[in-house]
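Shown here: my_file.cif, mmCIF, C-alpha atoms.
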data_final
#
loop_
_atom_site.label_atom_id
_atom_site.label_comp_id
_atom_site.auth_asym_id
_atom_site.auth_seq_id
_atom_site.Cartn_x
_atom_site.Cartn_y
_atom_site.Cartn_z
CA MET A 448 -222.75 -34.44 96.54
CA GLY A 449 -221.63 -30.87 95.89
CA MET A 450 -218.21 -29.36 95.97
CA LYS A 451 -216.61 -28.93 99.36
CA ARG A 452 -216.08 -25.42 100.69
CA ILE A 453 -212.79 -24.41 102.28
CA ALA A 454 -212.13 -21.70 104.85
CA VAL A 455 -208.50 -20.76 105.41
CA LEU A 456 -207.27 -19.15 108.64
CA ALA A 457 -204.04 -17.18 108.25
CA SER A 458 -202.28 -14.39 110.11
CA GLY A 459 -199.45 -13.32 107.85
CA ARG A 460 -197.93 -13.70 104.44
CA GLY A 461 -200.20 -16.54 103.47
CA SER A 462 -197.86 -18.49 101.20
CA ASN A 463 -199.53 -21.76 102.14
CA PHE A 464 -202.90 -20.09 101.43
CA GLN A 465 -201.53 -19.18 98.00
CA ALA A 466 -200.44 -22.78 97.42
CA ILE A 467 -204.03 -23.88 98.04
CA ILE A 468 -205.42 -21.10 95.83
CA ASP A 469 -203.16 -22.26 92.99
CA ARG A 470 -204.36 -25.85 93.24
CA VAL A 471 -208.02 -24.83 93.41
CA CYS A 472 -207.61 -22.54 90.39
CA ASP A 473 -205.95 -25.22 88.26
CA GLY A 474 -208.60 -27.79 89.20
CA THR A 475 -206.34 -30.08 91.26
CA ILE A 476 -208.42 -29.49 94.39
CA PRO A 477 -212.13 -30.02 93.67
CA ALA A 478 -213.40 -27.33 96.03
CA GLU A 479 -214.34 -23.68 96.30
CA PHE A 480 -213.35 -21.11 98.88
CA ALA A 481 -215.79 -20.15 101.60
CA CYS A 482 -213.55 -17.36 102.91
CA LEU A 483 -210.29 -16.28 104.45
CA ILE A 484 -210.45 -15.65 108.18
CA THR A 485 -207.65 -13.60 109.69
CA ASP A 486 -206.86 -11.99 113.02
CA ASN A 487 -204.52 -9.51 111.36
CA PRO A 488 -206.07 -6.59 109.41
CA SER A 489 -202.78 -5.99 107.62
CA ALA A 490 -202.04 -9.63 106.70
CA TYR A 491 -200.74 -9.96 103.15
CA ALA A 492 -203.01 -12.99 102.90
CA ILE A 493 -205.91 -10.51 102.55
CA LYS A 494 -204.45 -9.19 99.30
CA ARG A 495 -204.19 -12.72 97.96
CA ALA A 496 -207.85 -13.32 98.82
CA GLU A 497 -209.00 -10.09 97.19
CA LYS A 498 -207.09 -10.90 94.02
CA HIS A 499 -209.09 -14.13 93.72
CA ASP A 500 -212.46 -12.74 94.88
CA ILE A 501 -212.35 -14.76 98.09
CA SER A 502 -214.34 -13.09 100.84
CA VAL A 503 -212.42 -12.04 103.94
CA SER A 504 -213.47 -12.04 107.59
CA VAL A 505 -211.19 -10.00 109.82
CA VAL A 506 -211.65 -11.00 113.45
CA SER A 507 -209.04 -8.90 115.19
CA PHE A 508 -208.33 -9.52 118.85
CA SER A 509 -207.98 -5.80 119.54
CA ASP A 510 -211.56 -5.15 118.36
CA TYR A 511 -213.02 -7.09 121.28
CA PRO A 512 -213.15 -6.21 124.97
CA ASP A 513 -212.04 -9.63 126.16
CA ARG A 514 -210.92 -13.06 125.05
CA GLU A 515 -214.41 -14.52 125.47
CA SER A 516 -216.10 -12.10 123.08
CA TYR A 517 -213.23 -12.47 120.61
CA ASN A 518 -213.67 -16.24 120.62
CA GLN A 519 -217.41 -15.90 120.13
CA ALA A 520 -216.80 -13.69 117.11
CA LEU A 521 -214.27 -16.11 115.67
CA GLU A 522 -216.56 -19.10 116.10
CA LYS A 523 -219.41 -17.13 114.56
CA ALA A 524 -217.27 -16.28 111.54
CA MET A 525 -216.28 -19.91 111.19
CA GLN A 526 -219.85 -21.17 111.47
CA GLU A 527 -221.26 -18.57 109.10
CA SER A 528 -218.63 -19.43 106.50
CA GLY A 529 -220.46 -22.67 105.90
CA ALA A 530 -217.10 -24.31 105.23
CA ASP A 531 -216.67 -28.07 105.23
CA LEU A 532 -212.94 -27.76 105.96
CA PHE A 533 -210.99 -25.23 108.00
CA VAL A 534 -207.31 -24.96 107.11
CA LEU A 535 -204.89 -23.36 109.56
CA ALA A 536 -202.21 -21.92 107.30
CA GLY A 537 -200.01 -19.86 109.56
CA TYR A 538 -202.76 -18.81 111.94
CA MET A 539 -200.78 -17.55 114.91
CA ARG A 540 -203.49 -17.43 117.55
CA LEU A 541 -204.27 -20.53 119.64
CA LEU A 542 -207.81 -21.78 119.32
CA LYS A 543 -209.80 -22.56 122.45
CA PRO A 544 -210.42 -26.25 123.19
CA GLU A 545 -214.17 -25.62 122.82
CA THR A 546 -213.62 -24.21 119.33
CA VAL A 547 -211.43 -27.15 118.36
CA ARG A 548 -214.04 -29.61 119.64
CA GLY A 549 -216.79 -27.83 117.74
CA PHE A 550 -214.96 -28.35 114.43
CA ALA A 551 -213.41 -31.76 115.17
CA GLY A 552 -212.48 -33.71 112.05
CA LYS A 553 -212.97 -30.59 109.91
CA MET A 554 -209.87 -28.61 110.85
CA ILE A 555 -206.33 -29.27 109.66
CA ASN A 556 -202.98 -27.64 110.40
CA ILE A 557 -199.49 -27.75 108.94
CA HIS A 558 -196.44 -27.95 111.18
CA PRO A 559 -192.82 -27.56 110.03
CA ALA A 560 -191.47 -30.73 111.69
CA LEU A 561 -191.90 -34.49 111.56
CA LEU A 562 -194.25 -34.76 114.51
CA PRO A 563 -194.18 -35.93 117.26
CA SER A 564 -190.67 -34.41 117.18
CA PHE A 565 -190.45 -30.66 117.72
CA SER A 566 -194.01 -29.56 118.39
CA GLY A 567 -194.72 -25.96 119.29
CA LEU A 568 -192.99 -22.79 118.17
CA HIS A 569 -189.68 -22.53 116.29
CA ALA A 570 -189.76 -26.16 115.20
CA GLN A 571 -186.99 -25.64 112.64
CA GLN A 572 -184.65 -24.12 115.22
CA GLN A 573 -185.52 -26.94 117.63
CA ALA A 574 -184.50 -29.42 114.93
CA LEU A 575 -181.19 -27.64 114.35
CA ASP A 576 -180.53 -27.42 118.08
CA TYR A 577 -181.12 -31.16 118.46
CA GLY A 578 -178.90 -31.98 115.51
CA VAL A 579 -181.29 -34.13 113.47
CA LYS A 580 -180.35 -35.02 109.90
CA ILE A 581 -183.96 -35.36 108.70
CA ALA A 582 -186.50 -32.62 109.37
CA GLY A 583 -189.81 -32.24 107.56
CA CYS A 584 -193.40 -31.15 107.74
CA THR A 585 -196.65 -32.66 108.94
CA VAL A 586 -200.28 -32.02 108.01
CA HIS A 587 -202.58 -33.14 110.78
CA PHE A 588 -206.11 -32.85 112.04
CA VAL A 589 -206.30 -30.35 114.88
CA ASP A 590 -207.15 -31.67 118.30
CA GLU A 591 -207.02 -30.00 121.70
CA GLY A 592 -203.32 -30.74 122.21
CA MET A 593 -200.33 -28.83 120.89
CA ASP A 594 -199.67 -30.44 117.47
CA THR A 595 -200.87 -33.83 118.70
CA GLY A 596 -203.70 -34.49 116.23
CA LEU A 597 -203.97 -37.38 113.78
CA ILE A 598 -201.36 -37.22 111.04
CA ILE A 599 -202.58 -37.01 107.44
CA LEU A 600 -199.31 -36.52 105.53
CA GLN A 601 -195.63 -36.12 106.31
CA TYR A 602 -192.68 -35.20 104.10
CA PRO A 603 -189.05 -35.67 105.13
CA VAL A 604 -186.59 -32.86 104.37
CA VAL A 605 -182.80 -33.22 104.58
CA VAL A 606 -180.94 -30.93 107.02
CA LEU A 607 -177.66 -29.60 105.61
CA SER A 608 -174.63 -29.00 107.79
CA ASP A 609 -174.60 -25.26 107.05
CA ASP A 610 -178.33 -24.75 107.54
CA THR A 611 -179.60 -21.74 109.44
CA GLU A 612 -183.12 -21.48 110.82
CA GLU A 613 -183.99 -19.42 107.73
CA SER A 614 -182.50 -21.78 105.14
CA LEU A 615 -184.05 -24.85 106.75
CA ALA A 616 -187.42 -23.13 107.12
CA ALA A 617 -187.31 -22.15 103.44
CA ARG A 618 -186.50 -25.70 102.33
CA ILE A 619 -189.26 -27.16 104.53
CA MET A 620 -191.70 -24.55 103.22
CA GLU A 621 -191.31 -25.87 99.68
CA PHE A 622 -192.65 -29.18 100.97
CA GLU A 623 -195.39 -27.46 102.96
CA HIS A 624 -196.58 -25.98 99.66
CA LEU A 625 -196.86 -29.51 98.27
CA SER A 626 -198.28 -31.31 101.26
CA LEU A 627 -200.94 -28.91 102.51
CA PRO A 628 -202.73 -28.66 99.14
CA LEU A 629 -202.48 -32.44 98.75
CA ALA A 630 -204.06 -32.99 102.17
CA VAL A 631 -206.83 -30.51 101.27
CA LYS A 632 -207.39 -32.38 98.00
CA LEU A 633 -207.59 -35.76 99.79
CA PHE A 634 -210.07 -34.33 102.29
CA CYS A 635 -212.22 -32.77 99.58
CA GLU A 636 -212.25 -36.01 97.63
CA ASP A 637 -213.44 -37.91 100.75
CA ARG A 638 -210.34 -40.10 100.64
CA LEU A 639 -209.35 -39.84 104.31
CA GLU A 640 -210.57 -42.43 106.78
CA VAL A 641 -209.68 -42.42 110.47
CA SER A 642 -208.93 -45.79 112.09
CA GLY A 643 -207.64 -45.44 115.64
CA ARG A 644 -204.81 -42.92 115.36
CA THR A 645 -204.11 -43.83 111.73
CA VAL A 646 -205.45 -41.74 108.86
CA ILE A 647 -205.90 -44.15 105.96
CA ILE A 648 -205.59 -42.59 102.52
CA HIS A 649 -207.83 -44.28 99.97
CA ASP A 650 -207.02 -44.56 96.29
CA HIS A 651 -208.83 -42.23 93.99
CA GLN A 652 -212.09 -43.68 92.65
CA ASP A 653 -212.84 -42.39 89.22
CA GLU A 654 -216.55 -42.21 88.56
CA MET B 37 -152.15 -43.47 110.47
CA GLY B 38 -153.12 -47.14 110.56
CA MET B 39 -156.45 -48.73 109.90
CA LYS B 40 -159.14 -48.30 112.53
CA ARG B 41 -160.23 -51.34 114.51
CA ILE B 42 -163.91 -52.06 115.10
CA ALA B 43 -165.54 -53.99 117.94
CA VAL B 44 -169.18 -54.94 117.46
CA LEU B 45 -171.49 -55.67 120.40
CA ALA B 46 -174.47 -57.84 119.47
CA SER B 47 -176.87 -60.11 121.32
CA GLY B 48 -178.80 -61.90 118.62
CA ARG B 49 -179.06 -62.57 114.93
CA GLY B 50 -176.48 -59.95 114.04
CA SER B 51 -177.83 -58.84 110.67
CA ASN B 52 -176.41 -55.35 111.19
CA PHE B 53 -173.09 -56.97 112.16
CA GLN B 54 -173.23 -58.87 108.86
CA ALA B 55 -173.90 -55.63 106.96
CA ILE B 56 -170.69 -54.20 108.45
CA ILE B 57 -168.74 -57.40 107.70
CA ASP B 58 -169.85 -57.19 104.06
CA ARG B 59 -168.66 -53.60 103.70
CA VAL B 60 -165.34 -54.35 105.39
CA CYS B 61 -164.79 -57.39 103.18
CA ASP B 62 -165.51 -55.50 99.94
CA GLY B 63 -163.23 -52.63 100.99
CA THR B 64 -165.94 -49.99 101.43
CA ILE B 65 -165.08 -49.57 105.11
CA PRO B 66 -161.32 -49.07 105.59
CA ALA B 67 -161.06 -50.94 108.89
CA GLU B 68 -160.44 -54.31 110.45
CA PHE B 69 -162.36 -56.12 113.14
CA ALA B 70 -161.06 -56.17 116.70
CA CYS B 71 -163.71 -58.61 117.88
CA LEU B 72 -167.35 -59.41 118.44
CA ILE B 73 -168.51 -58.99 122.03
CA THR B 74 -171.75 -60.70 122.99
CA ASP B 75 -173.69 -61.37 126.15
CA ASN B 76 -175.44 -64.34 124.55
CA PRO B 77 -173.44 -67.57 124.14
CA SER B 78 -175.94 -68.83 121.57
CA ALA B 79 -176.15 -65.63 119.49
CA TYR B 80 -176.17 -66.36 115.77
CA ALA B 81 -173.79 -63.38 115.47
CA ILE B 82 -171.06 -65.70 116.84
CA LYS B 83 -171.38 -67.95 113.78
CA ARG B 84 -171.00 -64.93 111.52
CA ALA B 85 -167.84 -63.90 113.38
CA GLU B 86 -166.34 -67.40 113.20
CA LYS B 87 -167.01 -67.60 109.47
CA HIS B 88 -164.89 -64.47 108.99
CA ASP B 89 -162.19 -65.31 111.56
CA ILE B 90 -163.30 -62.49 113.85
CA SER B 91 -162.45 -63.24 117.48
CA VAL B 92 -165.37 -63.50 119.88
CA SER B 93 -165.63 -62.45 123.52
CA VAL B 94 -168.62 -63.91 125.32
CA VAL B 95 -169.40 -61.94 128.46
CA SER B 96 -172.53 -63.63 129.71
CA PHE B 97 -174.43 -62.06 132.58
CA SER B 98 -175.13 -65.48 134.11
CA ASP B 99 -171.41 -66.21 134.44
CA TYR B 100 -170.97 -63.47 137.04
CA PRO B 101 -172.15 -63.30 140.64
CA ASP B 102 -173.46 -59.74 140.39
CA ARG B 103 -173.98 -56.83 138.06
CA GLU B 104 -170.81 -55.12 139.22
CA SER B 105 -168.49 -58.00 138.33
CA TYR B 106 -170.31 -58.49 135.02
CA ASN B 107 -169.75 -54.84 134.14
CA GLN B 108 -166.08 -55.09 135.08
CA ALA B 109 -165.69 -58.08 132.77
CA LEU B 110 -167.48 -56.28 129.93
CA GLU B 111 -165.33 -53.17 130.28
CA LYS B 112 -162.22 -55.33 130.42
CA ALA B 113 -163.22 -57.10 127.21
CA MET B 114 -163.87 -53.75 125.54
CA GLN B 115 -160.56 -52.27 126.67
CA GLU B 116 -158.54 -55.34 125.74
CA SER B 117 -160.08 -55.36 122.27
CA GLY B 118 -158.02 -52.29 121.47
CA ALA B 119 -160.87 -51.10 119.25
CA ASP B 120 -161.12 -47.51 118.07
CA LEU B 121 -164.87 -47.82 117.53
CA PHE B 122 -167.53 -49.80 119.40
CA VAL B 123 -170.68 -50.49 117.42
CA LEU B 124 -173.86 -51.51 119.24
CA ALA B 125 -175.67 -53.65 116.70
CA GLY B 126 -178.60 -55.13 118.53
CA TYR B 127 -176.88 -55.34 121.91
CA MET B 128 -179.80 -55.84 124.25
CA ARG B 129 -178.18 -55.08 127.59
CA LEU B 130 -178.04 -51.50 128.86
CA LEU B 131 -174.53 -50.19 129.45
CA LYS B 132 -173.72 -48.48 132.72
CA PRO B 133 -173.21 -44.70 132.59
CA GLU B 134 -169.60 -45.20 133.70
CA THR B 135 -168.98 -47.55 130.77
CA VAL B 136 -170.56 -45.11 128.34
CA ARG B 137 -168.45 -42.25 129.70
CA GLY B 138 -165.30 -44.34 129.41
CA PHE B 139 -165.87 -44.85 125.68
CA ALA B 140 -167.41 -41.45 124.88
CA GLY B 141 -167.12 -40.47 121.22
CA LYS B 142 -166.07 -44.03 120.32
CA MET B 143 -169.40 -45.83 120.64
CA ILE B 144 -172.30 -45.72 118.19
CA ASN B 145 -175.76 -47.27 118.14
CA ILE B 146 -178.52 -47.75 115.62
CA HIS B 147 -182.15 -47.11 116.54
CA PRO B 148 -185.18 -47.98 114.37
CA ALA B 149 -186.86 -44.55 114.52
CA LEU B 150 -186.25 -40.97 113.52
CA LEU B 151 -185.04 -39.77 116.89
CA PRO B 152 -185.98 -37.90 119.01
CA SER B 153 -189.31 -39.53 118.18
CA PHE B 154 -189.88 -43.01 119.61
CA SER B 155 -186.83 -43.70 121.73
CA GLY B 156 -186.64 -46.89 123.77
CA LEU B 157 -188.05 -50.31 123.04
CA HIS B 158 -190.51 -51.24 120.29
CA ALA B 159 -189.89 -48.05 118.34
CA GLN B 160 -191.62 -49.39 115.24
CA GLN B 161 -194.79 -50.26 117.17
CA GLN B 162 -194.66 -46.84 118.86
CA ALA B 163 -194.57 -45.25 115.41
CA LEU B 164 -197.57 -47.30 114.23
CA ASP B 165 -199.49 -46.50 117.41
CA TYR B 166 -198.87 -42.78 116.94
CA GLY B 167 -199.92 -42.92 113.29
CA VAL B 168 -196.85 -41.29 111.70
CA LYS B 169 -196.47 -41.48 107.91
CA ILE B 170 -192.66 -41.29 107.99
CA ALA B 171 -190.63 -43.61 110.21
CA GLY B 172 -186.93 -44.31 109.82
CA CYS B 173 -183.68 -45.13 111.53
CA THR B 174 -180.96 -43.18 113.29
CA VAL B 175 -177.27 -43.87 113.87
CA HIS B 176 -176.01 -41.89 116.85
CA PHE B 177 -173.15 -41.66 119.28
CA VAL B 178 -174.06 -43.27 122.58
CA ASP B 179 -174.36 -41.00 125.59
CA GLU B 180 -175.73 -41.68 129.04
CA GLY B 181 -179.32 -41.04 128.05
CA MET B 182 -181.78 -43.38 126.34
CA ASP B 183 -181.17 -42.83 122.61
CA THR B 184 -180.29 -39.17 123.19
CA GLY B 185 -176.76 -39.05 121.76
CA LEU B 186 -175.53 -36.95 118.86
CA ILE B 187 -177.06 -37.98 115.54
CA ILE B 188 -174.69 -39.11 112.78
CA LEU B 189 -177.12 -40.26 110.10
CA GLN B 190 -180.86 -40.63 109.65
CA TYR B 191 -182.91 -42.27 106.91
CA PRO B 192 -186.65 -41.72 106.46
CA VAL B 193 -188.84 -44.75 105.69
CA VAL B 194 -192.43 -44.54 104.48
CA VAL B 195 -195.13 -46.15 106.65
CA LEU B 196 -197.79 -47.98 104.63
CA SER B 197 -201.41 -48.11 105.70
CA ASP B 198 -201.37 -51.90 106.06
CA ASP B 199 -198.06 -52.08 107.93
CA THR B 200 -197.67 -54.37 110.90
CA GLU B 201 -194.84 -54.07 113.42
CA GLU B 202 -193.09 -56.86 111.50
CA SER B 203 -193.48 -55.40 108.02
CA LEU B 204 -192.43 -51.92 109.16
CA ALA B 205 -189.47 -53.30 111.12
CA ALA B 206 -188.35 -55.27 108.05
CA ARG B 207 -188.55 -52.19 105.79
CA ILE B 208 -186.66 -50.04 108.31
CA MET B 209 -184.03 -52.77 108.69
CA GLU B 210 -183.13 -52.50 105.02
CA PHE B 211 -182.16 -48.91 105.72
CA GLU B 212 -180.34 -49.87 108.93
CA HIS B 213 -178.16 -52.13 106.78
CA LEU B 214 -177.27 -49.12 104.65
CA SER B 215 -176.87 -46.48 107.32
CA LEU B 216 -174.91 -48.31 110.02
CA PRO B 217 -172.08 -49.39 107.68
CA LEU B 218 -172.02 -45.88 106.20
CA ALA B 219 -171.67 -44.33 109.65
CA VAL B 220 -168.88 -46.79 110.48
CA LYS B 221 -167.16 -45.87 107.22
CA LEU B 222 -167.42 -42.13 107.95
CA PHE B 223 -166.01 -42.67 111.44
CA CYS B 224 -163.13 -44.81 110.17
CA GLU B 225 -162.29 -42.21 107.54
CA ASP B 226 -162.15 -39.48 110.22
CA ARG B 227 -164.92 -37.58 108.47
CA LEU B 228 -167.13 -36.88 111.50
CA GLU B 229 -166.72 -33.65 113.44
CA VAL B 230 -168.80 -32.70 116.45
CA SER B 231 -169.91 -29.07 116.72
CA GLY B 232 -172.34 -28.50 119.57
CA ARG B 233 -175.02 -31.15 119.03
CA THR B 234 -174.39 -31.31 115.29
CA VAL B 235 -172.27 -34.02 113.74
CA ILE B 236 -170.73 -32.48 110.64
CA ILE B 237 -169.92 -34.93 107.84
CA HIS B 238 -166.88 -33.88 105.84
CA ASP B 239 -166.37 -34.67 102.20
CA HIS B 240 -164.02 -37.44 101.36
CA GLN B 241 -160.43 -36.28 100.84
CA ASP B 242 -158.67 -38.45 98.32
CA GLU B 243 -154.98 -38.71 99.00
#

Show me, as structure tokens, the structure contained in the file I just sent.
Amino acid sequence: MGMKRIAVLASGRGSNFQAIIDRVCDGTIPAEFACLITDNPSAYAIKRAEKHDISVSVVSFSDYPDRESYNQALEKAMQESGADLFVLAGYMRLLKPETVRGFAGKMINIHPALLPSFSGLHAQQQALDYGVKIAGCTVHFVDEGMDTGLIILQYPVVVLSDDTEESLAARIMEFEHLSLPLAVKLFCEDRLEVSGRTVIIHDHQDE
Amino acid sequence: MGMKRIAVLASGRGSNFQAIIDRVCDGTIPAEFACLITDNPSAYAIKRAEKHDISVSVVSFSDYPDRESYNQALEKAMQESGADLFVLAGYMRLLKPETVRGFAGKMINIHPALLPSFSGLHAQQQALDYGVKIAGCTVHFVDEGMDTGLIILQYPVVVLSDDTEESLAARIMEFEHLSLPLAVKLFCEDRLEVSGRTVIIHDHQDE
């Protein structure tokens, strides 16, 4: 059984992409990169990919006459990547249900809240507005719903009384940088098993 | 400023009531008990109260001809207790909105989930059914909604892959026994301040 191949989808800065790069480079994640796919030709994530000789597919919405042809191009890029795992790491464009179905069980996302609380946009501000004392982040398989997929990992993060959206987002992001690479590692080591809505994490089997 | 007086409302075993008794007896919570109020004449909580010379008001639904007269009796018992704080510690009967409004800001509840996730009954089973990795408990002020009041404290609790409703409930309960007495202590020390939906916890001021 060969090494798994990872494709990362990102739209912006790509700090979670970098966290995965770091753990692949130091051998923590036993995988290699298939490519970075981005919808944003000026995403800083592209620079990170180039620095590590990771090939880049830019599928920019504005290059296509309509949503249908854009989606076809995106799916083509994903299929041609040959990746075993697709990681949404700050990919800001919603995927079509057909696309999600086509890559079911092979696509994961990170969300800056303890789902099912605070799905959707501005999760950190939602948490502050509600007044929770414990926020967090969730890595989950992507399904057709909005942040409703099976949960792989969650980390709790304390909310401080003087937190702003920015300070809370920054604190949560530190845990995103731990949890997303760990989820990728568990996937690549074939240690995730789905049972109903529970994702069972198996102990590492040394060979 | 004299010591605060606490009334506890419980329907059953009263293990959270006992946790508060223990912290009052060892001086951690600077308060005295007004009474235990229960709707269940055979609640084990009554034995706990008697052991510590805490007066007991039994307001049993079956003793009243209708819901209205029952509610009047319950409110009367609450008012006559002279308590500054009313703690719902496994009180299984829903309070009327009018009752809740009458004691606004003076009534707290503990819920075995990280609200706003999994409000209502069987929160631990709801968490298992959803497949979360982090469960927990929440102490909150009671408002007219179902577990929607302002959050005072939350504790995260790890869900294990072989958890049953019973094993998860038992693990969460250990944290309930920490967090409910702590919230009572903070209230009795006048260290809680409401700002919008956020409950700010002030540092302890030694005198």

message: On this structure, the PyMOL selection byres ((chain A and resi 544) around 12) would catch which residues? List them as a PyMOL selection string, sorted by chain and number.
response: chain A and resi 518+522+541-543+545-551+589-593

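Near Arg638 of chain A, within 7 Å and counting all atoms listed in the file, sit Leu633, Phe634, Ile648 and His649 of chain A, not including residues fewer than 3 positions from it in the same chain.
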
May I have the selected residues written with C-alpha atoms, as a PDB file, in the frame of the given file?
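Full text of out_9.pdb as output:
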ATOM      1  CA  LEU A 633    -207.590 -35.760  99.790  1.00  0.00           C
ATOM      2  CA  PHE A 634    -210.070 -34.330 102.290  1.00  0.00           C
ATOM      3  CA  ILE A 648    -205.590 -42.590 102.520  1.00  0.00           C
ATOM      4  CA  HIS A 649    -207.830 -44.280  99.970  1.00  0.00           C
TER       5      HIS A 649
END

Give me, as JSON lines, each residue of chain B that comes within 12 Å of chain A, together with its shortest interatomic pair and the distance in Å at one decimal, counting all atoms listed in the file, with rows ordered by chain and rising residue number.
{"residue": "B:Ala149", "atom": "CA", "partner": "A:Ser564", "partner_atom": "CA", "distance": 11.2}
{"residue": "B:Leu150", "atom": "CA", "partner": "A:Ile581", "partner_atom": "CA", "distance": 7.7}
{"residue": "B:Leu151", "atom": "CA", "partner": "A:Val579", "partner_atom": "CA", "distance": 7.6}
{"residue": "B:Pro152", "atom": "CA", "partner": "A:Ser564", "partner_atom": "CA", "distance": 6.1}
{"residue": "B:Ser153", "atom": "CA", "partner": "A:Ser564", "partner_atom": "CA", "distance": 5.4}
{"residue": "B:Phe154", "atom": "CA", "partner": "A:Pro563", "partner_atom": "CA", "distance": 8.6}
{"residue": "B:Ser155", "atom": "CA", "partner": "A:Ser564", "partner_atom": "CA", "distance": 11.0}
{"residue": "B:Gln162", "atom": "CA", "partner": "A:Pro563", "partner_atom": "CA", "distance": 11.0}
{"residue": "B:Ala163", "atom": "CA", "partner": "A:Pro563", "partner_atom": "CA", "distance": 9.5}
{"residue": "B:Leu164", "atom": "CA", "partner": "A:Thr645", "partner_atom": "CA", "distance": 7.8}
{"residue": "B:Asp165", "atom": "CA", "partner": "A:Arg644", "partner_atom": "CA", "distance": 6.7}
{"residue": "B:Tyr166", "atom": "CA", "partner": "A:Arg644", "partner_atom": "CA", "distance": 6.1}
{"residue": "B:Gly167", "atom": "CA", "partner": "A:Thr645", "partner_atom": "CA", "distance": 4.6}
{"residue": "B:Val168", "atom": "CA", "partner": "A:Ile598", "partner_atom": "CA", "distance": 6.1}
{"residue": "B:Lys169", "atom": "CA", "partner": "A:Gln601", "partner_atom": "CA", "distance": 5.7}
{"residue": "B:Ile170", "atom": "CA", "partner": "A:Gln601", "partner_atom": "CA", "distance": 6.2}
{"residue": "B:Ala171", "atom": "CA", "partner": "A:Leu561", "partner_atom": "CA", "distance": 9.3}
{"residue": "B:Gly172", "atom": "CA", "partner": "A:Ile581", "partner_atom": "CA", "distance": 9.5}
{"residue": "B:Cys173", "atom": "CA", "partner": "A:Ile581", "partner_atom": "CA", "distance": 10.2}
{"residue": "B:Thr174", "atom": "CA", "partner": "A:Lys580", "partner_atom": "CA", "distance": 8.9}
{"residue": "B:Val175", "atom": "CA", "partner": "A:Lys580", "partner_atom": "CA", "distance": 10.2}
{"residue": "B:His176", "atom": "CA", "partner": "A:Val579", "partner_atom": "CA", "distance": 10.0}
{"residue": "B:Phe177", "atom": "CA", "partner": "A:Gly578", "partner_atom": "CA", "distance": 11.9}
{"residue": "B:Thr184", "atom": "CA", "partner": "A:Tyr577", "partner_atom": "CA", "distance": 9.3}
{"residue": "B:Gly185", "atom": "CA", "partner": "A:Tyr577", "partner_atom": "CA", "distance": 9.6}
{"residue": "B:Leu186", "atom": "CA", "partner": "A:Gly578", "partner_atom": "CA", "distance": 6.9}
{"residue": "B:Ile187", "atom": "CA", "partner": "A:Val579", "partner_atom": "CA", "distance": 6.1}
{"residue": "B:Ile188", "atom": "CA", "partner": "A:Lys580", "partner_atom": "CA", "distance": 7.6}
{"residue": "B:Leu189", "atom": "CA", "partner": "A:Lys580", "partner_atom": "CA", "distance": 6.2}
{"residue": "B:Gln190", "atom": "CA", "partner": "A:Lys580", "partner_atom": "CA", "distance": 5.6}
{"residue": "B:Tyr191", "atom": "CA", "partner": "A:Ile581", "partner_atom": "CA", "distance": 7.2}
{"residue": "B:Pro192", "atom": "CA", "partner": "A:Pro603", "partner_atom": "CA", "distance": 6.6}
{"residue": "B:Val193", "atom": "CA", "partner": "A:Pro603", "partner_atom": "CA", "distance": 9.1}
{"residue": "B:Val194", "atom": "CA", "partner": "A:Gln601", "partner_atom": "CA", "distance": 9.2}
{"residue": "B:Val195", "atom": "CA", "partner": "A:Gln601", "partner_atom": "CA", "distance": 10.0}
{"residue": "B:Leu196", "atom": "CA", "partner": "A:Ile647", "partner_atom": "CA", "distance": 9.1}
{"residue": "B:Ser197", "atom": "CA", "partner": "A:Ile647", "partner_atom": "CA", "distance": 6.0}
{"residue": "B:Asp198", "atom": "CA", "partner": "A:Ile647", "partner_atom": "CA", "distance": 9.0}
{"residue": "B:Asp199", "atom": "CA", "partner": "A:Thr645", "partner_atom": "CA", "distance": 10.9}
{"residue": "B:Leu228", "atom": "CA", "partner": "A:Ser608", "partner_atom": "CA", "distance": 11.5}
{"residue": "B:Glu229", "atom": "CA", "partner": "A:Ser608", "partner_atom": "CA", "distance": 10.8}
{"residue": "B:Val230", "atom": "CA", "partner": "A:Gly578", "partner_atom": "CA", "distance": 10.2}
{"residue": "B:Ser231", "atom": "CA", "partner": "A:Gly578", "partner_atom": "CA", "distance": 9.5}
{"residue": "B:Gly232", "atom": "CA", "partner": "A:Asp576", "partner_atom": "CA", "distance": 8.4}
{"residue": "B:Arg233", "atom": "CA", "partner": "A:Gly578", "partner_atom": "CA", "distance": 5.3}
{"residue": "B:Thr234", "atom": "CA", "partner": "A:Gly578", "partner_atom": "CA", "distance": 4.6}
{"residue": "B:Val235", "atom": "CA", "partner": "A:Gly578", "partner_atom": "CA", "distance": 7.2}
{"residue": "B:Ile236", "atom": "CA", "partner": "A:Ser608", "partner_atom": "CA", "distance": 6.0}
{"residue": "B:Ile237", "atom": "CA", "partner": "A:Ser608", "partner_atom": "CA", "distance": 7.6}
{"residue": "B:His238", "atom": "CA", "partner": "A:Ser608", "partner_atom": "CA", "distance": 9.4}
{"residue": "B:Asp239", "atom": "CA", "partner": "A:Ser608", "partner_atom": "CA", "distance": 11.5}

Picked residues, the PyMOL selection byres ((chain B and resi 79) around 12), as a ChimeraX atom specification: /B:45-51,53,72-78,80-86,92-96,126-128

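Atom CA of Arg129 of chain B is positioned 11.3 Å from atom CA of Tyr106 of chain B.
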
message: Is it possible to get the residues within 9 Å of (-191.1, -26.2, 104.6) (coordinates as in the file, counting all atoms listed in the file) written as a PyMOL selection string?
response: chain A and resi 558-560+583-584+604+615-624
